[in-house]
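Chemist: I have a structure I would like to understand better, so I am pasting it below and will then ask my questions one at a time.
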Amino acid sequence: MPDSRSPSVRSEPRLSEKIEEGPVLKESALADGTYHQARVAGKAERKHFFSPPDASLAEAVNRDADNVEFTEEEERAVRRKIDVRVLSLVVCSYIFNQFDRTNIGNAHVLKPFNQNFGITDNNKWTLALSIFYVGYCILEMPANVLQRYIGANRFFFLSLTWWGIASLSFVYAKGYAGLLVLRVLLGIGEAGYYAGMIYYLSFWYKRSELAMRISLCMTGTLPGAIGGLLAFGLVRAHTSLLTGWQFLFLIEAIPTLIMAFAILLFLPSFPFTASFLTPREKAIAQARVNRDHRPQSHGGMSGWTGFKAVVNDVNAWALMIIYASFNVGVATISYFLPTLINELGFSPLSSQGLTVAPYAVGWFMVFFQAWHSDRTRDRGYHIMLSTAISCVGYVVLAALAGRGTSSRMIGGRYFALFLVVGGNYSLFPLVMSWAANVFSPTSKRGVGTAFIVSISNCVSIASPQIYFDSNDDFRIGHAIAAACLFASFMSAFLLRTRLARLNKRRAEKIRAMTEEESEQMKSRTAENEEVWDDDPRYVFMT
């Protein structure tokens, strides 16, 4: 039999290859989840940094995953190991991402920062916020294709290094033109990161586990609370070389660069490359997700084919509308929260400290919504609840804008910020985990999540411009944001209704099939191949 191993894998003779294997030994190795991995001996080698992960390793682990037998306790143990290694690294990287993206909002309430970069009016400020999304929008989908090709750890290393250097450059940059250039570079560095992390986590977790994990890492509430505390302390620092706002950018950029190397060295690209798992644990980790949605690291649709499939999918456009609509609120509140609190009559330093409470309370709402969504296996109703809460918050802000600074008015507007922050940020894990559940195969899922984020960020280019009426306490801006949240609510309602009806029709179609028709349908899907989302057997999470 010819040797079908990839040339990028070192082959070393094993004792099991020198002796004739009996059926009992082979059956035991199959059940143990190590049989096929034992035939791909040695460690995978890549020719250069941009070489793709080896396909033979992925195939071996997937074949073992189809045969491995394991208990619930073993599955929980493997999941804990994944949480400790994979999730902890993702959480840390996202915290630093949010620091570097939103520290400009904390710096904006300080006069020395505005003087250094020539921000003399609200129009210049909103343009500096908007221009961030240009590179982010253009490069989102190409970045996702690159991630799938070279692996997550190498892609995220490039991403964190790029935006970390861009953020660090703020310390010594001067002038408005310099500010705009650095904002564009920051957006380029972050392109593909958010959608890429959602796509990456789908290789490790079941669909019913995804929203809660995303809530722990991919939401701005926890970084927002920590960032507010850091800003409250750092902006007070002064030396002969650096002033307060420069310390803010410096201290928050350096950990990002350190994290980039930690990601490169310790974050596995896929379960089959995880050095912290034994061969049996790799098979169990792969089997968990294979029996849920069978993600594939290789093969499937090409980038262009996946793009065409997504563009022609009504579900993709509905999810894009949901995401783009609520992201109008997120793209403004993440930058304007210190400013909105400052407008209530608090000092710049107090404004930064007062951002902590809305973010902290918001994090509990984010976690509870995601946990309950996973527990009930529902996305649509939870999204509608979060959009309604945020919409109410914006309505209150719009209604109380310009009505004085009495303690009653200040209290009402500050309370509304809690609703806005909690409602907006709880939508991130819900919507993106819904997108990961709606698209199949994996190649379409990767392009689909990138498509949603990319198109939505085109809208985000204009989002900061809705807060043009600073003289009227941003009344019109709050009203526009409320309307966008209502549009997100209606889109979620319509999409959930559509998916529920599709599931019902598909179930009826399968029940009506003869045994011969059912076998023919199954035969169209090759062994180890994913069920596509247009297949009657595919069940959408609603």
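Going through the structure tokens in order, the chains are called A, B, and so on, while each chain numbers its residues from 1 and the ligands are numbered from 1 in the order shown.
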Excluding A:Val78 and any residue of its chain fewer than 3 positions from it, enumerate the residues within 8 Å of it, using only C-alpha atoms, and give them as a short mmCIF file (atom, residue, chain, number, x, y, z; two decimals) with all heavy atoms, in the first residue's frame.
Modeler:
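out_29.cif written:
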```
data_model
loop_
_atom_site.label_atom_id
_atom_site.label_comp_id
_atom_site.auth_asym_id
_atom_site.auth_seq_id
_atom_site.Cartn_x
_atom_site.Cartn_y
_atom_site.Cartn_z
N GLU A 74 -15.10 12.43 31.12
CA GLU A 74 -13.94 12.68 30.27
C GLU A 74 -14.18 13.90 29.38
O GLU A 74 -13.28 14.71 29.18
CB GLU A 74 -13.64 11.45 29.41
CG GLU A 74 -13.01 10.30 30.14
CD GLU A 74 -12.71 9.14 29.22
OE1 GLU A 74 -13.67 8.59 28.65
OE2 GLU A 74 -11.53 8.79 29.07
N GLU A 75 -15.39 14.02 28.87
CA GLU A 75 -15.71 15.18 28.04
C GLU A 75 -15.60 16.47 28.84
O GLU A 75 -15.04 17.47 28.37
CB GLU A 75 -17.12 15.05 27.46
CG GLU A 75 -17.51 16.23 26.57
CD GLU A 75 -18.92 16.13 26.04
OE1 GLU A 75 -19.60 15.11 26.27
OE2 GLU A 75 -19.36 17.11 25.38
N LYS A 81 -9.93 21.72 30.21
CA LYS A 81 -8.59 21.99 29.71
C LYS A 81 -8.63 23.01 28.57
O LYS A 81 -7.77 23.89 28.47
CB LYS A 81 -7.92 20.70 29.24
CG LYS A 81 -7.58 19.73 30.36
CD LYS A 81 -6.83 18.52 29.87
CE LYS A 81 -5.39 18.85 29.52
NZ LYS A 81 -4.59 17.62 29.25
N ILE A 82 -9.64 22.89 27.72
CA ILE A 82 -9.80 23.85 26.62
C ILE A 82 -10.11 25.24 27.17
O ILE A 82 -9.57 26.24 26.70
CB ILE A 82 -10.91 23.38 25.65
CG1 ILE A 82 -10.48 22.09 24.94
CG2 ILE A 82 -11.22 24.46 24.62
CD1 ILE A 82 -11.59 21.42 24.15
N GLU A 281 -7.31 12.81 24.03
CA GLU A 281 -8.05 14.04 24.33
C GLU A 281 -8.33 14.85 23.06
O GLU A 281 -9.38 15.49 22.95
CB GLU A 281 -7.28 14.87 25.34
CG GLU A 281 -7.29 14.27 26.75
CD GLU A 281 -6.37 14.99 27.70
OE1 GLU A 281 -5.39 15.64 27.24
OE2 GLU A 281 -6.59 14.91 28.92
N ILE A 284 -11.32 13.24 21.56
CA ILE A 284 -12.53 13.59 22.30
C ILE A 284 -12.94 15.03 22.01
O ILE A 284 -14.13 15.31 21.79
CB ILE A 284 -12.29 13.39 23.82
CG1 ILE A 284 -12.09 11.91 24.14
CG2 ILE A 284 -13.47 13.95 24.62
CD1 ILE A 284 -11.69 11.64 25.59
N ALA A 285 -11.96 15.95 21.99
CA ALA A 285 -12.26 17.35 21.69
C ALA A 285 -12.88 17.49 20.31
O ALA A 285 -13.84 18.26 20.12
CB ALA A 285 -10.99 18.19 21.79
#
```
Chemist: Nearest to A:Leu129 among A:Gly187, A:Gly402, A:Gly151, A:Pro268, with distances taken over only C-alpha atoms: which residue is it?
Modeler: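 Going through A:Gly187, A:Gly402, A:Gly151, A:Pro268 one by one, the smallest distance to A:Leu129 is for A:Gly187.
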Chemist: Tell me which of A:Ser351, A:Thr332, A:Thr405, A:Ser488 sits closest to A:Met384, counting only C-alpha atoms.
Modeler: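 Of all the options, A:Ser488 lies closest to A:Met384.
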Chemist: Do you know which residues are at most 9 Å from A:Pro358 counting only C-alpha atoms, after dropping those on the same chain fewer than 6 positions away, and could you put them as number ranges by chain?
Modeler: A: 221, 225, 414-415, 417-422
Chemist: Which residues are close to A:Met212, i.e. within 12 Å by only C-alpha atoms, leaving aside same-chain residues fewer than 6 positions away? Reply as a PyMOL selection string.
Modeler: chain A and resi 83+87+198+201+205-206+218-219+363-377+379+426-434
Chemist: Of the candidates A:Phe451, A:Trp204, A:Phe540, A:Phe468, which one gets nearest to A:Ile138 if we count only C-alpha atoms?
Modeler: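 Answer, going by the shortest atom-to-atom distance: A:Phe451.
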Chemist: Please provide as a PyMOL selection string all residues within 7 Å of stretch 35-39 of chain A, with the sequence filter that same-chain residues fewer than 6 positions apart are discarded (counting only C-alpha atoms).
Modeler: chain A and resi 29+60-61+63-64+279
Chemist: What is the atom CA of A:Gln98 to atom CA of A:Phe155 distance in Å?
Modeler: 18.1 Å
Chemist: Between atom CA of A:Ala211 and atom CA of A:Val310, what is the spacing in Å?
Modeler: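 That distance, rounded to one decimal, is 21.7 Å.
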Chemist: From the options A:Trp245, A:Tyr194, A:Thr273, A:Tyr200, which residue's atoms come nearest to A:Ala55, counting only C-alpha atoms?
Modeler: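 Closest candidate: A:Thr273.
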Chemist: Among stretch 102-236 of chain A, which residues carry a DSSP assignment of helix (DSSP H, G or I), reported as an MDAnalysis selection string?
Modeler: chainID A and resid 102:108 111:117 122:130 132:150 152:171 176:190 193:201 207:217 221:234
Chemist: If you count only C-alpha atoms, which residues fall within 12 Å of A:Leu139, apart from same-chain ones fewer than 5 positions away, as a list of chain:residue names?
Modeler: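 The residues that qualify are A:Tyr133, A:Val134, A:Asn144, A:Val145, A:Leu146, A:Ser159, A:Val184, A:Leu185, A:Gly187, A:Ile188, A:Gly189, A:Glu190, A:Ala191, A:Gly192, A:Tyr193, A:Ala195, A:Ala450, A:Phe451, A:Val453, A:Ser454, A:Ile455, A:Asn457, A:Cys458.
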Chemist: Would you work out the distance separating atom CA of A:Asn97 from atom CA of A:Ser347, expressed in Å to one decimal?
Modeler: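 Separation between atom CA of A:Asn97 and atom CA of A:Ser347: 26.8 Å.
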